[in-house]
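See below for work.txt, which holds compact mmCIF, C-alpha atoms.
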```txt
# COMPACT_ATOMS: atom_id res chain seq x y z
CA MET A 1 -21.69 -105.47 -100.68
CA LYS A 2 -20.60 -102.07 -99.47
CA THR A 3 -18.29 -99.97 -101.60
CA SER A 4 -16.19 -96.96 -100.62
CA PRO A 5 -16.24 -95.23 -98.28
CA PHE A 6 -15.65 -98.15 -95.98
CA SER A 7 -16.04 -98.12 -92.21
CA SER A 8 -14.33 -101.37 -91.19
CA VAL A 9 -11.38 -103.53 -92.19
CA LEU A 10 -9.90 -106.82 -91.01
CA PHE A 11 -6.24 -107.52 -91.85
CA VAL A 12 -5.41 -111.23 -92.21
CA CYS A 13 -2.17 -113.20 -92.37
CA LEU A 14 -1.30 -116.80 -91.49
CA GLY A 15 -0.87 -116.66 -87.71
CA ASN A 16 -1.82 -113.07 -86.81
CA ILE A 17 1.57 -112.51 -85.19
CA CYS A 18 3.67 -110.61 -87.78
CA ARG A 19 2.03 -108.84 -90.71
CA SER A 20 -1.62 -108.45 -89.80
CA PRO A 21 -1.13 -107.04 -86.28
CA MET A 22 1.41 -104.60 -87.72
CA ALA A 23 -1.10 -103.65 -90.44
CA GLU A 24 -3.83 -103.15 -87.83
CA GLY A 25 -1.65 -100.78 -85.82
CA VAL A 26 -0.16 -98.92 -88.77
CA PHE A 27 -3.52 -98.45 -90.51
CA ARG A 28 -5.11 -97.18 -87.30
CA SER A 29 -2.21 -94.72 -86.97
CA VAL A 30 -2.62 -93.55 -90.58
CA LEU A 31 -6.36 -93.05 -90.07
CA GLU A 32 -5.67 -91.01 -86.93
CA GLY A 33 -3.17 -88.88 -88.81
CA ASP A 34 -5.73 -88.34 -91.58
CA GLY A 35 -8.46 -87.43 -89.08
CA LYS A 36 -10.57 -90.44 -90.09
CA ALA A 37 -10.30 -92.82 -87.12
CA ASP A 38 -13.62 -92.01 -85.43
CA GLY A 39 -16.16 -94.76 -85.96
CA VAL A 40 -13.84 -96.98 -88.01
CA LEU A 41 -13.45 -100.61 -86.91
CA VAL A 42 -9.91 -101.96 -87.47
CA ASP A 43 -8.85 -105.45 -86.41
CA SER A 44 -6.60 -108.34 -87.43
CA ALA A 45 -6.80 -112.13 -87.49
CA GLY A 46 -5.00 -115.22 -88.70
CA THR A 47 -6.19 -117.96 -91.01
CA ASN A 48 -4.98 -120.49 -88.45
CA GLY A 49 -5.33 -120.51 -84.68
CA TYR A 50 -1.80 -121.53 -83.70
CA HIS A 51 -1.18 -118.33 -81.74
CA THR A 52 -4.66 -117.48 -80.44
CA GLY A 53 -4.40 -115.29 -77.35
CA GLU A 54 -0.70 -114.54 -77.82
CA LYS A 55 0.82 -111.13 -78.36
CA PRO A 56 2.29 -110.27 -81.78
CA ASP A 57 5.83 -111.39 -82.60
CA SER A 58 8.36 -109.33 -80.63
CA ARG A 59 10.03 -108.23 -83.88
CA SER A 60 6.75 -106.79 -85.18
CA ILE A 61 6.23 -105.00 -81.87
CA LYS A 62 9.78 -103.62 -82.02
CA VAL A 63 9.64 -102.39 -85.62
CA ALA A 64 6.18 -100.83 -85.21
CA GLY A 65 7.31 -99.18 -81.98
CA ARG A 66 10.37 -97.72 -83.68
CA HIS A 67 7.93 -95.91 -85.96
CA GLY A 68 5.69 -94.70 -83.13
CA VAL A 69 3.04 -97.43 -83.42
CA ASP A 70 2.32 -99.47 -80.28
CA ILE A 71 0.90 -102.93 -81.04
CA SER A 72 2.03 -104.55 -77.78
CA ASP A 73 -1.52 -104.79 -76.35
CA GLN A 74 -2.93 -106.73 -79.30
CA HIS A 75 -3.77 -110.42 -78.99
CA CYS A 76 -3.87 -112.91 -81.83
CA ARG A 77 -7.12 -114.45 -82.94
CA GLN A 78 -8.35 -116.66 -85.75
CA LEU A 79 -10.60 -115.58 -88.63
CA VAL A 80 -14.21 -116.62 -87.92
CA ALA A 81 -17.38 -116.78 -90.03
CA GLY A 82 -18.87 -113.72 -88.30
CA ASP A 83 -16.01 -111.59 -89.63
CA PHE A 84 -17.49 -111.86 -93.12
CA THR A 85 -20.54 -109.81 -92.09
CA ARG A 86 -18.91 -107.69 -89.38
CA PHE A 87 -16.32 -106.09 -91.69
CA ASP A 88 -16.67 -104.20 -94.99
CA LEU A 89 -13.21 -105.36 -96.08
CA ILE A 90 -11.16 -108.44 -95.28
CA VAL A 91 -7.68 -108.08 -96.73
CA GLY A 92 -5.03 -110.77 -96.90
CA MET A 93 -1.31 -110.18 -96.98
CA ASP A 94 -0.55 -112.79 -99.67
CA GLN A 95 -2.30 -115.11 -102.09
CA MET A 96 -2.13 -118.06 -99.70
CA ASN A 97 -4.08 -115.98 -97.16
CA ILE A 98 -6.67 -115.04 -99.79
CA THR A 99 -7.17 -118.70 -100.71
CA ALA A 100 -7.67 -119.60 -97.03
CA ILE A 101 -10.03 -116.63 -96.51
CA GLU A 102 -12.17 -117.62 -99.50
CA ARG A 103 -12.35 -121.24 -98.29
CA ARG A 104 -13.91 -119.98 -95.05
CA ARG A 105 -16.31 -117.53 -96.75
CA PRO A 106 -19.88 -118.32 -95.61
CA GLY A 107 -22.88 -117.99 -97.90
CA ASN A 108 -24.13 -114.85 -96.13
CA ALA A 109 -20.81 -113.00 -96.47
CA THR A 110 -21.02 -109.29 -97.29
CA ALA A 111 -17.34 -108.38 -96.95
CA ILE A 112 -15.17 -107.54 -99.92
CA THR A 113 -12.02 -109.66 -99.84
CA GLY A 114 -8.71 -109.31 -101.61
CA LEU A 115 -5.00 -108.65 -101.38
CA PHE A 116 -4.17 -105.70 -99.14
CA TYR A 117 -1.81 -104.09 -101.65
CA GLU A 118 -4.19 -104.60 -104.54
CA ILE A 119 -7.22 -103.10 -102.79
CA ALA A 120 -5.14 -100.23 -101.42
CA LEU A 121 -2.87 -99.41 -104.36
CA GLY A 122 -4.15 -101.33 -107.38
CA ASN A 123 -1.01 -103.48 -107.45
CA ALA A 124 -1.28 -107.25 -106.90
CA LYS A 125 1.95 -107.24 -104.87
CA GLN A 126 2.07 -109.66 -101.95
CA ILE A 127 3.44 -108.76 -98.53
CA PRO A 128 5.80 -111.65 -97.72
CA ASP A 129 5.85 -113.41 -94.37
CA PRO A 130 8.93 -112.18 -92.45
CA TYR A 131 8.68 -114.81 -89.68
CA TYR A 132 11.80 -116.76 -90.71
CA GLY A 133 13.62 -113.62 -91.80
CA THR A 134 15.74 -110.94 -90.23
CA ASP A 135 14.98 -107.60 -88.57
CA ALA A 136 15.54 -106.05 -92.01
CA ASP A 137 12.69 -108.20 -93.39
CA PHE A 138 10.36 -106.89 -90.67
CA GLU A 139 11.43 -103.34 -91.51
CA ALA A 140 10.73 -103.99 -95.19
CA ILE A 141 7.20 -105.25 -94.50
CA TYR A 142 6.60 -102.22 -92.28
CA ARG A 143 7.37 -99.96 -95.26
CA MET A 144 5.07 -102.01 -97.52
CA ILE A 145 2.28 -101.91 -94.93
CA LEU A 146 2.70 -98.16 -94.44
CA ALA A 147 2.45 -97.50 -98.18
CA ALA A 148 -0.64 -99.70 -98.52
CA SER A 149 -2.20 -98.15 -95.40
CA LYS A 150 -1.82 -94.68 -96.83
CA GLY A 151 -3.47 -95.83 -100.04
CA LEU A 152 -6.29 -97.62 -98.24
CA SER A 153 -7.03 -94.59 -96.06
CA ALA A 154 -8.30 -92.79 -99.16
CA ARG A 155 -11.16 -95.31 -99.32
CA PHE A 156 -12.36 -94.52 -95.77
```
Output the file's structure as structure tokens, nothing else.
Amino acid sequence: MKTSPFSSVLFVCLGNICRSPMAEGVFRSVLEGDGKADGVLVDSAGTNGYHTGEKPDSRSIKVAGRHGVDISDQHCRQLVAGDFTRFDLIVGMDQMNITAIERRRPGNATAITGLFYEIALGNAKQIPDPYYGTDADFEAIYRMILAASKGLSARF
């Protein structure tokens, strides 16, 4: 398994419509701001395929856009076995995601997996699913994702 510095990361949540597409866009933006974006592969996926092909949730698009991050061209996809060798890191937003990721882990996997916040900041905090919440919940996860993205950038 590869250790820091990493060159690729896959952000994973349940449906790839709220947290993980926001994390993909925010992390890419942080890398650009840090001058580290060249040659880095950043993507997102869901542990289920309910929303495959759809755009992210409109509230995620709106909150990210308010902060200068455009995620409106992203399309949801499901985590696949090939992701475990394509990416250095596969990070889940909460423990339920990590459990689902590990269940899909093939024998030839090379990716390091774990909670986004824990890998980025050393804190096992989970980023809660805002889907059934309010705009304020989406704003709160944006702030969590931004903090974790800044921490993770140091490992790239």
Polymer residues at most 9 Å from range 46-56 of chain A, all atoms listed in the file, same-chain spacing of 5 or more positions, as a ChimeraX atom specification: /A:11-18,20-22,61,71-80,97,100-101,104
Selected residues, C-alpha atoms, written as a PDB file, in the coordinates of the input, please.
```pdb
ATOM      1  CA  PHE A  11      -6.240-107.520 -91.850  1.00  0.00           C
ATOM      2  CA  VAL A  12      -5.410-111.230 -92.210  1.00  0.00           C
ATOM      3  CA  CYS A  13      -2.170-113.200 -92.370  1.00  0.00           C
ATOM      4  CA  LEU A  14      -1.300-116.800 -91.490  1.00  0.00           C
ATOM      5  CA  GLY A  15      -0.870-116.660 -87.710  1.00  0.00           C
ATOM      6  CA  ASN A  16      -1.820-113.070 -86.810  1.00  0.00           C
ATOM      7  CA  ILE A  17       1.570-112.510 -85.190  1.00  0.00           C
ATOM      8  CA  CYS A  18       3.670-110.610 -87.780  1.00  0.00           C
ATOM      9  CA  SER A  20      -1.620-108.450 -89.800  1.00  0.00           C
ATOM     10  CA  PRO A  21      -1.130-107.040 -86.280  1.00  0.00           C
ATOM     11  CA  MET A  22       1.410-104.600 -87.720  1.00  0.00           C
ATOM     12  CA  ILE A  61       6.230-105.000 -81.870  1.00  0.00           C
ATOM     13  CA  ILE A  71       0.900-102.930 -81.040  1.00  0.00           C
ATOM     14  CA  SER A  72       2.030-104.550 -77.780  1.00  0.00           C
ATOM     15  CA  ASP A  73      -1.520-104.790 -76.350  1.00  0.00           C
ATOM     16  CA  GLN A  74      -2.930-106.730 -79.300  1.00  0.00           C
ATOM     17  CA  HIS A  75      -3.770-110.420 -78.990  1.00  0.00           C
ATOM     18  CA  CYS A  76      -3.870-112.910 -81.830  1.00  0.00           C
ATOM     19  CA  ARG A  77      -7.120-114.450 -82.940  1.00  0.00           C
ATOM     20  CA  GLN A  78      -8.350-116.660 -85.750  1.00  0.00           C
ATOM     21  CA  LEU A  79     -10.600-115.580 -88.630  1.00  0.00           C
ATOM     22  CA  VAL A  80     -14.210-116.620 -87.920  1.00  0.00           C
ATOM     23  CA  ASN A  97      -4.080-115.980 -97.160  1.00  0.00           C
ATOM     24  CA  ALA A 100      -7.670-119.600 -97.030  1.00  0.00           C
ATOM     25  CA  ILE A 101     -10.030-116.630 -96.510  1.00  0.00           C
ATOM     26  CA  ARG A 104     -13.910-119.980 -95.050  1.00  0.00           C
TER      27      ARG A 104
END
```
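A straight line drawn from CA of Val26 in chain A to CA of Met96 in chain A is 22.1 Å long.
With all atoms listed in the file as the basis for measurement, A:Ala109 is the residue among A:Leu10, A:Ala109, A:Leu146, A:Leu115 that approaches Phe84 in chain A most closely.
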Interatomic distance, CA of Ala111 in chain A to CA of Thr85 in chain A (Å, one decimal): 6.0 Å
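CA of Phe156 in chain A to CA of Ser8 in chain A spans 8.5 Å [interatomic distance, one decimal].
You can rank A:Ala147, A:Val30, A:Ala81, A:Ala140 by their closest distance to Tyr117 in chain A using all atoms listed in the file, and at the top of that list sits A:Ala147.
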Considering all atoms listed in the file, can you say which of A:Gly92, A:Gly39, A:Gly33, A:Pro128 comes closest to Val69 in chain A? A:Gly33
Please provide as an MDAnalysis selection string all residues within 12 Å of Ile112 in chain A, with the sequence filter that same-chain residues fewer than 2 positions apart are discarded (counting only C-alpha atoms). chainID A and resid 1:4 6 8:10 83:92 98 101:102 105 109:110 114:116 119
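Proximity ranking of A:Arg19, A:Arg28, A:Arg103, A:Arg155 relative to Ala120 in chain A places A:Arg155 first, based on all atoms listed in the file.
Closest approach to Ala148 in chain A among A:Met93, A:Val40, A:Val63, A:Leu121 is made by A:Leu121 (distances from all atoms listed in the file).
Among the candidates A:Ser60, A:Asn108, A:Thr113, A:Asn123, the residue lying nearest to Asp137 in chain A is A:Ser60 (atoms considered: all atoms listed in the file).
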